[in-house]
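Participant: As input, take protein_19.csv (CSV, C-alpha atoms and all ligand atoms):
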chain,number,residue,atom,x,y,z
G,1,MET,CA,0.0,0.0,0.0
G,2,ALA,CA,1.4,3.5,-0.9
G,3,LYS,CA,2.3,5.6,2.0
G,4,VAL,CA,-0.2,8.3,2.9
G,5,PHE,CA,1.3,11.7,2.0
G,6,GLU,CA,1.6,13.7,5.3
G,7,ILE,CA,1.9,17.5,5.6
G,8,ALA,CA,2.4,18.9,9.1
G,9,ILE,CA,1.7,22.6,9.7
G,10,ASP,CA,2.7,23.9,13.1
G,11,GLY,CA,2.7,27.4,14.4
G,12,HIS,CA,1.5,30.0,16.9
G,13,ALA,CA,-2.1,30.9,17.7
G,14,GLY,CA,-3.8,33.1,15.1
G,15,VAL,CA,-1.2,32.6,12.4
G,16,GLY,CA,-3.7,31.1,9.9
G,17,LYS,CA,-2.6,27.5,10.2
G,18,SER,CA,-6.1,26.0,9.8
G,19,THR,CA,-7.4,28.0,6.9
G,20,THR,CA,-4.1,27.4,5.1
G,21,ALA,CA,-4.1,23.7,5.9
G,22,LYS,CA,-7.7,23.4,4.7
G,23,ARG,CA,-6.9,25.1,1.4
G,24,VAL,CA,-3.8,23.0,0.8
G,25,ALA,CA,-5.8,19.8,1.6
G,26,ASP,CA,-8.6,20.8,-0.7
G,27,PHE,CA,-6.1,21.5,-3.5
G,28,PHE,CA,-4.6,18.0,-3.3
G,29,GLY,CA,-7.8,16.2,-2.4
G,30,TYR,CA,-6.4,15.3,1.1
G,31,THR,CA,-8.1,15.3,4.4
G,32,HIS,CA,-7.6,18.2,6.7
G,33,ILE,CA,-7.4,17.7,10.5
G,34,ASN,CA,-7.4,20.7,12.8
G,35,SER,CA,-5.8,19.2,15.9
G,36,GLY,CA,-6.5,22.4,17.9
G,37,ASP,CA,-10.2,21.6,17.5
G,38,ILE,CA,-9.7,18.3,19.3
G,39,TYR,CA,-8.1,20.1,22.3
G,40,ARG,CA,-10.9,22.6,22.1
G,41,ALA,CA,-13.6,19.9,22.1
G,42,ILE,CA,-12.0,18.3,25.2
G,43,THR,CA,-12.0,21.7,26.9
G,44,TYR,CA,-15.6,22.2,25.9
G,45,VAL,CA,-16.5,18.9,27.4
G,46,PHE,CA,-14.8,19.7,30.7
G,47,LEU,CA,-16.3,23.1,30.9
G,48,LYS,CA,-19.7,21.5,30.3
G,49,GLU,CA,-19.3,18.9,32.9
G,50,TYR,CA,-17.2,20.8,35.5
G,51,GLY,CA,-17.9,24.4,34.6
G,52,SER,CA,-18.5,25.6,38.1
G,53,THR,CA,-15.0,24.7,39.1
G,54,LYS,CA,-13.3,25.8,35.9
G,55,GLU,CA,-10.7,28.1,37.6
G,56,ASP,CA,-9.2,24.8,39.0
G,57,PHE,CA,-8.3,23.8,35.4
G,58,ARG,CA,-5.4,26.3,35.7
G,59,LYS,CA,-3.9,23.9,38.2
G,60,GLY,CA,-4.7,20.7,36.2
G,61,LEU,CA,-7.3,17.9,36.6
G,62,ASN,CA,-8.1,16.1,39.8
G,63,ARG,CA,-8.3,12.3,40.1
G,64,ASP,CA,-12.0,12.2,39.4
G,65,GLN,CA,-11.6,14.3,36.3
G,66,LEU,CA,-8.7,12.2,35.0
G,67,GLY,CA,-10.9,9.2,35.4
G,68,PHE,CA,-13.7,11.0,33.5
G,69,LEU,CA,-11.2,11.9,30.7
G,70,ARG,CA,-10.7,8.2,29.9
G,71,THR,CA,-14.4,7.8,29.2
G,72,VAL,CA,-14.8,10.9,27.0
G,73,LYS,CA,-15.8,9.9,23.5
G,74,ILE,CA,-15.6,12.6,20.9
G,75,GLU,CA,-16.9,11.7,17.5
G,76,ASN,CA,-15.7,13.4,14.4
G,77,ASN,CA,-18.3,14.1,11.8
G,78,ARG,CA,-17.1,16.1,8.7
G,79,ASN,CA,-14.8,18.2,10.8
G,80,ALA,CA,-17.4,18.9,13.5
G,81,PHE,CA,-16.7,17.3,16.9
G,82,LEU,CA,-19.7,15.8,18.6
G,83,TYR,CA,-20.1,15.0,22.3
G,84,LYS,CA,-23.1,12.9,23.2
G,85,GLY,CA,-24.4,13.5,19.7
G,86,LYS,CA,-24.3,17.3,19.9
G,87,PRO,CA,-21.7,19.6,18.3
G,88,CYS,CA,-19.1,21.0,20.7
G,89,GLU,CA,-18.9,24.8,20.7
G,90,LEU,CA,-15.2,25.3,20.0
G,91,ARG,CA,-14.7,29.1,19.9
G,92,THR,CA,-16.4,30.5,23.0
G,93,ASP,CA,-14.5,32.9,25.3
G,94,ASP,CA,-14.3,30.2,27.9
G,95,VAL,CA,-12.8,27.6,25.6
G,96,ASN,CA,-10.3,30.2,24.3
G,97,ALA,CA,-9.2,31.1,27.8
G,98,PHE,CA,-9.0,27.5,29.2
G,99,VAL,CA,-7.7,25.4,26.2
G,100,PRO,CA,-4.0,26.1,26.8
G,101,TYR,CA,-4.4,24.9,30.4
G,102,ILE,CA,-6.2,21.7,29.4
G,103,ALA,CA,-3.8,21.1,26.5
G,104,GLN,CA,-0.7,21.1,28.7
G,105,ILE,CA,-1.9,18.1,30.8
G,106,LYS,CA,-0.1,15.0,29.8
G,107,GLU,CA,-3.1,12.7,30.1
G,108,VAL,CA,-5.1,15.0,27.9
G,109,ARG,CA,-2.3,15.0,25.3
G,110,ASP,CA,-2.1,11.2,25.4
G,111,HIS,CA,-5.9,11.0,24.9
G,112,VAL,CA,-5.8,13.4,22.0
G,113,HIS,CA,-2.8,11.5,20.5
G,114,LYS,CA,-5.0,8.3,20.3
G,115,ILE,CA,-7.8,10.2,18.6
G,116,GLN,CA,-5.2,11.7,16.1
G,117,ASN,CA,-3.7,8.2,15.4
G,118,ARG,CA,-7.2,6.8,14.7
G,119,LEU,CA,-7.9,9.6,12.3
G,120,ILE,CA,-4.5,9.1,10.5
G,121,ARG,CA,-5.1,5.4,10.2
G,122,HIS,CA,-8.3,6.0,8.3
G,123,GLU,CA,-6.5,7.9,5.6
G,124,THR,CA,-5.6,6.3,2.3
G,125,LYS,CA,-4.3,9.3,0.2
G,126,GLY,CA,-3.0,12.3,2.1
G,127,ILE,CA,-3.5,14.2,5.3
G,128,VAL,CA,-2.8,17.8,6.3
G,129,MET,CA,-2.8,18.2,10.0
G,130,ASP,CA,-2.2,21.5,11.8
G,131,GLY,CA,-1.4,22.2,15.4
G,132,ARG,CA,1.6,22.7,17.7
G,133,ASP,CA,3.3,19.3,17.9
G,134,ILE,CA,2.4,17.7,14.6
G,135,GLY,CA,5.9,17.7,13.0
G,136,SER,CA,7.7,17.0,16.3
G,137,ASN,CA,5.4,14.4,17.8
G,138,ILE,CA,2.3,13.3,15.8
G,139,MET,CA,3.7,12.9,12.3
G,140,PRO,CA,7.5,13.0,12.8
G,141,ASN,CA,8.0,11.4,9.3
G,142,ALA,CA,5.8,13.8,7.4
G,143,GLU,CA,6.9,14.4,3.9
G,144,LEU,CA,6.6,18.2,4.5
G,145,LYS,CA,6.7,20.1,7.8
G,146,VAL,CA,5.8,23.7,7.8
G,147,TYR,CA,6.4,26.1,10.7
G,148,LEU,CA,4.1,29.1,10.2
G,149,THR,CA,4.9,32.3,12.1
G,150,ALA,CA,4.0,36.0,12.3
G,151,SER,CA,4.5,38.7,14.9
G,152,ALA,CA,2.0,38.7,17.8
G,153,GLU,CA,1.0,42.2,16.8
G,154,VAL,CA,0.1,41.3,13.2
G,155,ARG,CA,-1.8,38.2,14.4
G,156,ALA,CA,-3.7,40.3,17.0
G,157,MET,CA,-4.6,42.9,14.4
G,158,ARG,CA,-6.0,40.3,12.1
G,159,ARG,CA,-8.1,38.8,14.9
G,160,PHE,CA,-9.2,42.3,15.9
G,161,LYS,CA,-10.4,43.1,12.4
G,162,GLU,CA,-12.6,40.1,12.3
G,163,SER,CA,-14.1,40.4,15.8
G,164,ASP,CA,-15.7,43.0,18.0
G,165,GLY,CA,-13.1,42.5,20.8
G,166,ASP,CA,-10.6,44.9,22.3
G,167,TYR,CA,-7.2,44.9,20.5
G,168,ASP,CA,-5.1,45.0,23.7
G,169,ASP,CA,-7.1,42.1,25.2
G,170,ILE,CA,-6.7,40.1,22.0
G,171,LEU,CA,-2.9,40.8,22.0
G,172,ALA,CA,-2.6,39.8,25.6
G,173,GLN,CA,-4.4,36.6,25.1
G,174,ILE,CA,-2.3,35.7,22.0
G,175,LYS,CA,0.9,36.4,24.0
G,176,ASN,CA,-0.3,34.3,26.9
G,177,ARG,CA,-1.2,31.4,24.6
G,178,ASP,CA,2.2,31.7,22.8
G,179,PHE,CA,4.0,31.6,26.1
G,180,MET,CA,2.0,28.6,27.4
G,181,ASP,CA,2.3,26.7,24.1
G,182,THR,CA,6.1,27.2,23.8
G,183,ASN,CA,7.0,26.7,27.5
G,184,ARG,CA,4.9,23.8,28.6
G,185,LYS,CA,6.6,20.6,29.7
G,186,HIS,CA,4.8,18.1,27.4
G,187,ALA,CA,5.1,18.5,23.6
G,188,PRO,CA,5.7,22.3,23.4
G,189,LEU,CA,5.5,24.1,20.2
G,190,VAL,CA,9.0,23.9,18.5
G,191,LYS,CA,10.3,24.4,15.1
G,192,THR,CA,11.9,21.1,14.2
G,193,SER,CA,15.2,21.2,12.3
G,194,ASP,CA,13.6,19.7,9.2
G,195,ALA,CA,10.7,22.2,9.1
G,196,PHE,CA,10.3,24.8,6.4
G,197,GLU,CA,9.6,28.2,8.0
G,198,ILE,CA,7.2,30.7,6.6
G,199,ASN,CA,6.8,34.1,8.2
G,200,ASN,CA,3.5,35.5,6.9
G,201,ASP,CA,3.7,39.1,8.3
G,202,CYS,CA,4.0,40.4,4.8
G,203,LEU,CA,2.3,37.7,2.8
G,204,THR,CA,-1.2,37.4,1.6
G,205,PHE,CA,-3.2,34.2,2.3
G,206,ASP,CA,-3.0,33.2,-1.3
G,207,GLU,CA,0.8,33.8,-1.5
G,208,GLN,CA,1.3,31.6,1.6
G,209,VAL,CA,-0.8,28.8,0.3
G,210,LYS,CA,1.0,28.9,-3.0
G,211,ILE,CA,4.4,28.6,-1.3
G,212,ILE,CA,3.2,25.4,0.4
G,213,ILE,CA,1.6,23.9,-2.7
G,214,ASP,CA,4.8,24.6,-4.7
G,215,LYS,CA,6.9,22.9,-2.0
G,216,VAL,CA,4.6,19.8,-2.1
G,217,MET,CA,4.9,19.7,-5.9
G,218,GLU,CA,8.7,19.9,-5.6
G,219,ILE,CA,8.8,17.0,-3.1
G,220,LYS,CA,6.4,14.9,-5.3
G,221,LYS,CA,8.6,15.6,-8.3
G,222,LYS,CA,11.7,14.5,-6.5
G,223,GLU,CA,9.9,11.3,-5.4
G,224,CYS,CA,8.9,10.6,-9.1
G,225,ASP,CA,12.4,11.4,-10.3
G,226,GLY,CA,13.6,8.6,-8.0
G,227,TYR,CA,11.7,6.1,-10.1
G,228,LEU,CA,13.1,7.3,-13.5
Y,1,LIG,O1,-5.0,25.8,16.9
Y,1,LIG,P1,-5.8,26.4,18.0
Y,1,LIG,O2,-5.3,27.8,18.4
Y,1,LIG,O3,-7.3,26.4,17.8
Y,1,LIG,O4,-5.5,25.4,19.2
Y,1,LIG,C1,-6.1,25.7,20.5
Y,1,LIG,C2,-5.1,25.3,21.6
Y,1,LIG,O5,-4.9,23.9,21.6
Y,1,LIG,C3,-3.7,25.9,21.4
Y,1,LIG,O6,-3.6,27.2,22.1
Y,1,LIG,C4,-2.9,24.9,22.2
Y,1,LIG,O7,-2.8,25.2,23.6
Y,1,LIG,C5,-3.6,23.6,22.0
Y,1,LIG,N1,-3.0,22.7,20.9
Y,1,LIG,C6,-1.9,21.9,21.3
Y,1,LIG,N2,-1.4,21.1,20.4
Y,1,LIG,C7,-1.9,21.0,19.2
Y,1,LIG,C8,-2.9,21.8,18.8
Y,1,LIG,C9,-3.5,22.7,19.7
Y,1,LIG,O8,-1.5,22.0,22.4
Y,1,LIG,N3,-1.3,20.1,18.3
Starting from the coordinates I provided, produce the structure as structure tokens.
Facilitator:
Amino acid sequence: MAKVFEIAIDGHAGVGKSTTAKRVADFFGYTHINSGDIYRAITYVFLKEYGSTKEDFRKGLNRDQLGFLRTVKIENNRNAFLYKGKPCELRTDDVNAFVPYIAQIKEVRDHVHKIQNRLIRHETKGIVMDGRDIGSNIMPNAELKVYLTASAEVRAMRRFKESDGDYDDILAQIKNRDFMDTNRKHAPLVKTSDAFEINNDCLTFDEQVKIIIDKVMEIKKKECDGYL
């Protein structure tokens, strides 16, 4: 069986990983998996079940909650995540605020890792997965690893323009998430030595997508040349 073509896209919050990954996946007819959405879905479930004690999530999960985690079943249906048959709300203020705390817990990462592996196993053609630890941990043998970056100010301004929030609040939240994602103990965001870095401060969305598509084409051409 031919190896599934894997593209890993890692980077900071608000850098446009997901929209880029989706466009690249659509171009090649591959499946797109937004791994941040899995962490968001788990966070949503915990807020739903233990919302009244949510401040405690900043310290981790207690024994009871770790036991509950093992039983959490999240179904994936056309890129929507369902819990008990209902769609998880992934982009509420609470989910935004608590997801980096939930995502730094080792047991949560192990649980999500299993979900990711299940999704990868189902693929036959190609997969584009975006997140923070995809190139380093989840798909270490990916044919292409992209590390997408932009300054915190540019990312905050983009978010600000598409929301009705306060710019300084958005910037502070982005900086906090950057700090937590890069400094956590388990699977922090890193640029692996074999990753191709794109800084999109001064790039349009289409330009950035084109750079990745061209890179994939180049890799595929090299693979084909190997058979000539
Ligand atoms: O990609 P997005 O910003 O939606 O991800 C939400 C959060 O999930 C991130 O801030 C990060 O804390 C966590 N995450 C992670 N590892 C991934 C993807 C997301 O820790 N592979």
Participant: So what do you get for CA of Val72 in chain G versus CA of Ala103 in chain G, distance-wise?
Facilitator: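 So the answer is 15.0 Å.
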Participant: Around ligand LIG 1 (chain Y), which protein and nucleic acid residues have at least one atom no more than 8 Å from it, if we count only C-alpha atoms and all ligand atoms? List them as a short mmCIF file (atom, residue, chain, number, x, y, z; two decimals) with C-alpha atoms, in the frame of the given file.
Facilitator:
data_model
loop_
_atom_site.label_atom_id
_atom_site.label_comp_id
_atom_site.auth_asym_id
_atom_site.auth_seq_id
_atom_site.Cartn_x
_atom_site.Cartn_y
_atom_site.Cartn_z
CA ASP G 10 2.70 23.90 13.10
CA HIS G 12 1.50 30.00 16.90
CA ALA G 13 -2.10 30.90 17.70
CA GLY G 14 -3.80 33.10 15.10
CA LYS G 17 -2.60 27.50 10.20
CA SER G 18 -6.10 26.00 9.80
CA ASN G 34 -7.40 20.70 12.80
CA SER G 35 -5.80 19.20 15.90
CA GLY G 36 -6.50 22.40 17.90
CA ASP G 37 -10.20 21.60 17.50
CA ILE G 38 -9.70 18.30 19.30
CA TYR G 39 -8.10 20.10 22.30
CA ARG G 40 -10.90 22.60 22.10
CA ASN G 96 -10.30 30.20 24.30
CA VAL G 99 -7.70 25.40 26.20
CA PRO G 100 -4.00 26.10 26.80
CA TYR G 101 -4.40 24.90 30.40
CA ILE G 102 -6.20 21.70 29.40
CA ALA G 103 -3.80 21.10 26.50
CA GLN G 104 -0.70 21.10 28.70
CA ARG G 109 -2.30 15.00 25.30
CA ASP G 130 -2.20 21.50 11.80
CA GLY G 131 -1.40 22.20 15.40
CA ARG G 132 1.60 22.70 17.70
CA ASP G 133 3.30 19.30 17.90
CA ILE G 134 2.40 17.70 14.60
CA ARG G 177 -1.20 31.40 24.60
CA ASP G 178 2.20 31.70 22.80
CA MET G 180 2.00 28.60 27.40
CA ASP G 181 2.30 26.70 24.10
CA ALA G 187 5.10 18.50 23.60
CA PRO G 188 5.70 22.30 23.40
CA LEU G 189 5.50 24.10 20.20
#
Participant: Between CA of Lys215 in chain G and CA of Phe28 in chain G, what is the distance in Å, rounded to a tenth?
Facilitator: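 Atom-to-atom, CA of Lys215 in chain G to CA of Phe28 in chain G, that is 12.6 Å.
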Participant: Counting all atoms listed in the file, find residues at most 9 Å from (-3.5, 40.1, 20.6) (file frame) and give them as a PyMOL selection string.
Facilitator: chain G and resi 14+152-160+166-175
Participant: Save the residues we just selected, C-alpha atoms, as a PDB file, keeping the file's coordinate frame?
Facilitator:
ATOM      1  CA  GLY G  14      -3.800  33.100  15.100  1.00  0.00           C
ATOM      2  CA  ALA G 152       2.000  38.700  17.800  1.00  0.00           C
ATOM      3  CA  GLU G 153       1.000  42.200  16.800  1.00  0.00           C
ATOM      4  CA  VAL G 154       0.100  41.300  13.200  1.00  0.00           C
ATOM      5  CA  ARG G 155      -1.800  38.200  14.400  1.00  0.00           C
ATOM      6  CA  ALA G 156      -3.700  40.300  17.000  1.00  0.00           C
ATOM      7  CA  MET G 157      -4.600  42.900  14.400  1.00  0.00           C
ATOM      8  CA  ARG G 158      -6.000  40.300  12.100  1.00  0.00           C
ATOM      9  CA  ARG G 159      -8.100  38.800  14.900  1.00  0.00           C
ATOM     10  CA  PHE G 160      -9.200  42.300  15.900  1.00  0.00           C
ATOM     11  CA  ASP G 166     -10.600  44.900  22.300  1.00  0.00           C
ATOM     12  CA  TYR G 167      -7.200  44.900  20.500  1.00  0.00           C
ATOM     13  CA  ASP G 168      -5.100  45.000  23.700  1.00  0.00           C
ATOM     14  CA  ASP G 169      -7.100  42.100  25.200  1.00  0.00           C
ATOM     15  CA  ILE G 170      -6.700  40.100  22.000  1.00  0.00           C
ATOM     16  CA  LEU G 171      -2.900  40.800  22.000  1.00  0.00           C
ATOM     17  CA  ALA G 172      -2.600  39.800  25.600  1.00  0.00           C
ATOM     18  CA  GLN G 173      -4.400  36.600  25.100  1.00  0.00           C
ATOM     19  CA  ILE G 174      -2.300  35.700  22.000  1.00  0.00           C
ATOM     20  CA  LYS G 175       0.900  36.400  24.000  1.00  0.00           C
TER      21      LYS G 175
END
Participant: Here is a test: counting all atoms listed in the file, which residue of G:Val45, G:Gly16, G:Asn117, G:Val4 is nearest to Gln208 in chain G?
Facilitator: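 Distance minimum relative to Gln208 in chain G lands on G:Gly16.
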Participant: What's the 8 Å shell around range 196-201 of chain G, counting all atoms listed in the file, without same-chain residues fewer than 2 positions away, as a list in words?
Facilitator: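 Residues meeting the cut-off are Val15, Leu144, Lys145, Val146, Tyr147, Leu148, Thr149, Ala150, Ser151, Val154, Asp194, Leu203, Thr204 and Gln208 of chain G.
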Participant: Place all heavy atoms on range 87-98 of chain G and deliver the coordinates as a PDB file, keeping the file's coordinate frame.
Facilitator:
ATOM      1  N   PRO G  87     -22.986  18.948  18.663  1.00  0.00           N
ATOM      2  CA  PRO G  87     -21.700  19.600  18.300  1.00  0.00           C
ATOM      3  C   PRO G  87     -21.100  20.350  19.470  1.00  0.00           C
ATOM      4  O   PRO G  87     -21.805  21.000  20.248  1.00  0.00           O
ATOM      5  CB  PRO G  87     -22.141  20.607  17.204  1.00  0.00           C
ATOM      6  CG  PRO G  87     -23.585  20.436  16.971  1.00  0.00           C
ATOM      7  CD  PRO G  87     -24.152  19.483  17.963  1.00  0.00           C
ATOM      8  N   CYS G  88     -19.799  20.237  19.599  1.00  0.00           N
ATOM      9  CA  CYS G  88     -19.100  21.000  20.700  1.00  0.00           C
ATOM     10  C   CYS G  88     -18.923  22.423  20.192  1.00  0.00           C
ATOM     11  O   CYS G  88     -18.574  22.666  19.029  1.00  0.00           O
ATOM     12  CB  CYS G  88     -17.691  20.386  20.858  1.00  0.00           C
ATOM     13  SG  CYS G  88     -17.683  18.643  21.271  1.00  0.00           S
ATOM     14  N   GLU G  89     -19.123  23.361  21.086  1.00  0.00           N
ATOM     15  CA  GLU G  89     -18.900  24.800  20.700  1.00  0.00           C
ATOM     16  C   GLU G  89     -17.413  25.067  21.006  1.00  0.00           C
ATOM     17  O   GLU G  89     -16.976  25.052  22.162  1.00  0.00           O
ATOM     18  CB  GLU G  89     -19.762  25.686  21.603  1.00  0.00           C
ATOM     19  CG  GLU G  89     -21.235  25.576  21.259  1.00  0.00           C
ATOM     20  CD  GLU G  89     -22.083  26.345  22.241  1.00  0.00           C
ATOM     21  OE1 GLU G  89     -21.709  27.464  22.626  1.00  0.00           O
ATOM     22  OE2 GLU G  89     -23.121  25.780  22.647  1.00  0.00           O
ATOM     23  N   LEU G  90     -16.679  25.290  19.928  1.00  0.00           N
ATOM     24  CA  LEU G  90     -15.200  25.300  20.000  1.00  0.00           C
ATOM     25  C   LEU G  90     -14.610  26.685  20.238  1.00  0.00           C
ATOM     26  O   LEU G  90     -13.452  26.798  20.608  1.00  0.00           O
ATOM     27  CB  LEU G  90     -14.594  24.663  18.795  1.00  0.00           C
ATOM     28  CG  LEU G  90     -15.048  23.235  18.478  1.00  0.00           C
ATOM     29  CD1 LEU G  90     -14.354  22.733  17.232  1.00  0.00           C
ATOM     30  CD2 LEU G  90     -14.792  22.306  19.652  1.00  0.00           C
ATOM     31  N   ARG G  91     -15.380  27.723  19.941  1.00  0.00           N
ATOM     32  CA  ARG G  91     -14.700  29.100  19.900  1.00  0.00           C
ATOM     33  C   ARG G  91     -15.395  30.049  20.899  1.00  0.00           C
ATOM     34  O   ARG G  91     -15.441  31.242  20.638  1.00  0.00           O
ATOM     35  CB  ARG G  91     -14.733  29.618  18.515  1.00  0.00           C
ATOM     36  CG  ARG G  91     -13.644  28.922  17.778  1.00  0.00           C
ATOM     37  CD  ARG G  91     -13.574  29.000  16.316  1.00  0.00           C
ATOM     38  NE  ARG G  91     -13.112  27.717  15.821  1.00  0.00           N
ATOM     39  CZ  ARG G  91     -11.883  27.284  15.905  1.00  0.00           C
ATOM     40  NH1 ARG G  91     -10.945  28.016  16.439  1.00  0.00           N
ATOM     41  NH2 ARG G  91     -11.568  26.083  15.468  1.00  0.00           N
ATOM     42  N   THR G  92     -15.867  29.563  22.023  1.00  0.00           N
ATOM     43  CA  THR G  92     -16.400  30.500  23.000  1.00  0.00           C
ATOM     44  C   THR G  92     -15.260  31.149  23.781  1.00  0.00           C
ATOM     45  O   THR G  92     -14.118  30.661  23.744  1.00  0.00           O
ATOM     46  CB  THR G  92     -17.292  29.720  24.043  1.00  0.00           C
ATOM     47  OG1 THR G  92     -16.438  28.823  24.752  1.00  0.00           O
ATOM     48  CG2 THR G  92     -18.403  28.924  23.364  1.00  0.00           C
ATOM     49  N   ASP G  93     -15.564  32.240  24.493  1.00  0.00           N
ATOM     50  CA  ASP G  93     -14.500  32.900  25.300  1.00  0.00           C
ATOM     51  C   ASP G  93     -13.904  31.971  26.293  1.00  0.00           C
ATOM     52  O   ASP G  93     -12.694  31.974  26.518  1.00  0.00           O
ATOM     53  CB  ASP G  93     -15.091  34.151  25.987  1.00  0.00           C
ATOM     54  CG  ASP G  93     -15.386  35.265  24.998  1.00  0.00           C
ATOM     55  OD1 ASP G  93     -14.904  35.178  23.859  1.00  0.00           O
ATOM     56  OD2 ASP G  93     -16.112  36.208  25.377  1.00  0.00           O
ATOM     57  N   ASP G  94     -14.756  31.157  26.923  1.00  0.00           N
ATOM     58  CA  ASP G  94     -14.300  30.200  27.900  1.00  0.00           C
ATOM     59  C   ASP G  94     -13.317  29.180  27.348  1.00  0.00           C
ATOM     60  O   ASP G  94     -12.274  28.867  27.927  1.00  0.00           O
ATOM     61  CB  ASP G  94     -15.440  29.509  28.622  1.00  0.00           C
ATOM     62  CG  ASP G  94     -15.807  30.195  29.927  1.00  0.00           C
ATOM     63  OD1 ASP G  94     -15.136  31.185  30.290  1.00  0.00           O
ATOM     64  OD2 ASP G  94     -16.779  29.749  30.575  1.00  0.00           O
ATOM     65  N   VAL G  95     -13.703  28.641  26.198  1.00  0.00           N
ATOM     66  CA  VAL G  95     -12.800  27.600  25.600  1.00  0.00           C
ATOM     67  C   VAL G  95     -11.502  28.310  25.191  1.00  0.00           C
ATOM     68  O   VAL G  95     -10.428  27.767  25.467  1.00  0.00           O
ATOM     69  CB  VAL G  95     -13.500  26.988  24.328  1.00  0.00           C
ATOM     70  CG1 VAL G  95     -12.484  26.147  23.543  1.00  0.00           C
ATOM     71  CG2 VAL G  95     -14.680  26.118  24.756  1.00  0.00           C
ATOM     72  N   ASN G  96     -11.564  29.512  24.606  1.00  0.00           N
ATOM     73  CA  ASN G  96     -10.300  30.200  24.300  1.00  0.00           C
ATOM     74  C   ASN G  96      -9.425  30.397  25.486  1.00  0.00           C
ATOM     75  O   ASN G  96      -8.208  30.218  25.417  1.00  0.00           O
ATOM     76  CB  ASN G  96     -10.627  31.639  23.725  1.00  0.00           C
ATOM     77  CG  ASN G  96     -11.158  31.602  22.311  1.00  0.00           C
ATOM     78  OD1 ASN G  96     -10.976  30.614  21.605  1.00  0.00           O
ATOM     79  ND2 ASN G  96     -11.827  32.663  21.903  1.00  0.00           N
ATOM     80  N   ALA G  97     -10.035  30.750  26.600  1.00  0.00           N
ATOM     81  CA  ALA G  97      -9.200  31.100  27.800  1.00  0.00           C
ATOM     82  C   ALA G  97      -8.662  29.792  28.442  1.00  0.00           C
ATOM     83  O   ALA G  97      -7.550  29.826  28.968  1.00  0.00           O
ATOM     84  CB  ALA G  97     -10.114  31.807  28.806  1.00  0.00           C
ATOM     85  N   PHE G  98      -9.404  28.675  28.399  1.00  0.00           N
ATOM     86  CA  PHE G  98      -9.000  27.500  29.200  1.00  0.00           C
ATOM     87  C   PHE G  98      -8.236  26.435  28.337  1.00  0.00           C
ATOM     88  O   PHE G  98      -7.563  25.580  28.913  1.00  0.00           O
ATOM     89  CB  PHE G  98     -10.139  26.877  29.922  1.00  0.00           C
ATOM     90  CG  PHE G  98     -10.519  27.698  31.119  1.00  0.00           C
ATOM     91  CD1 PHE G  98     -11.566  28.609  31.052  1.00  0.00           C
ATOM     92  CD2 PHE G  98      -9.791  27.610  32.289  1.00  0.00           C
ATOM     93  CE1 PHE G  98     -11.885  29.408  32.144  1.00  0.00           C
ATOM     94  CE2 PHE G  98     -10.096  28.401  33.393  1.00  0.00           C
ATOM     95  CZ  PHE G  98     -11.149  29.305  33.311  1.00  0.00           C
TER      96      PHE G  98
END
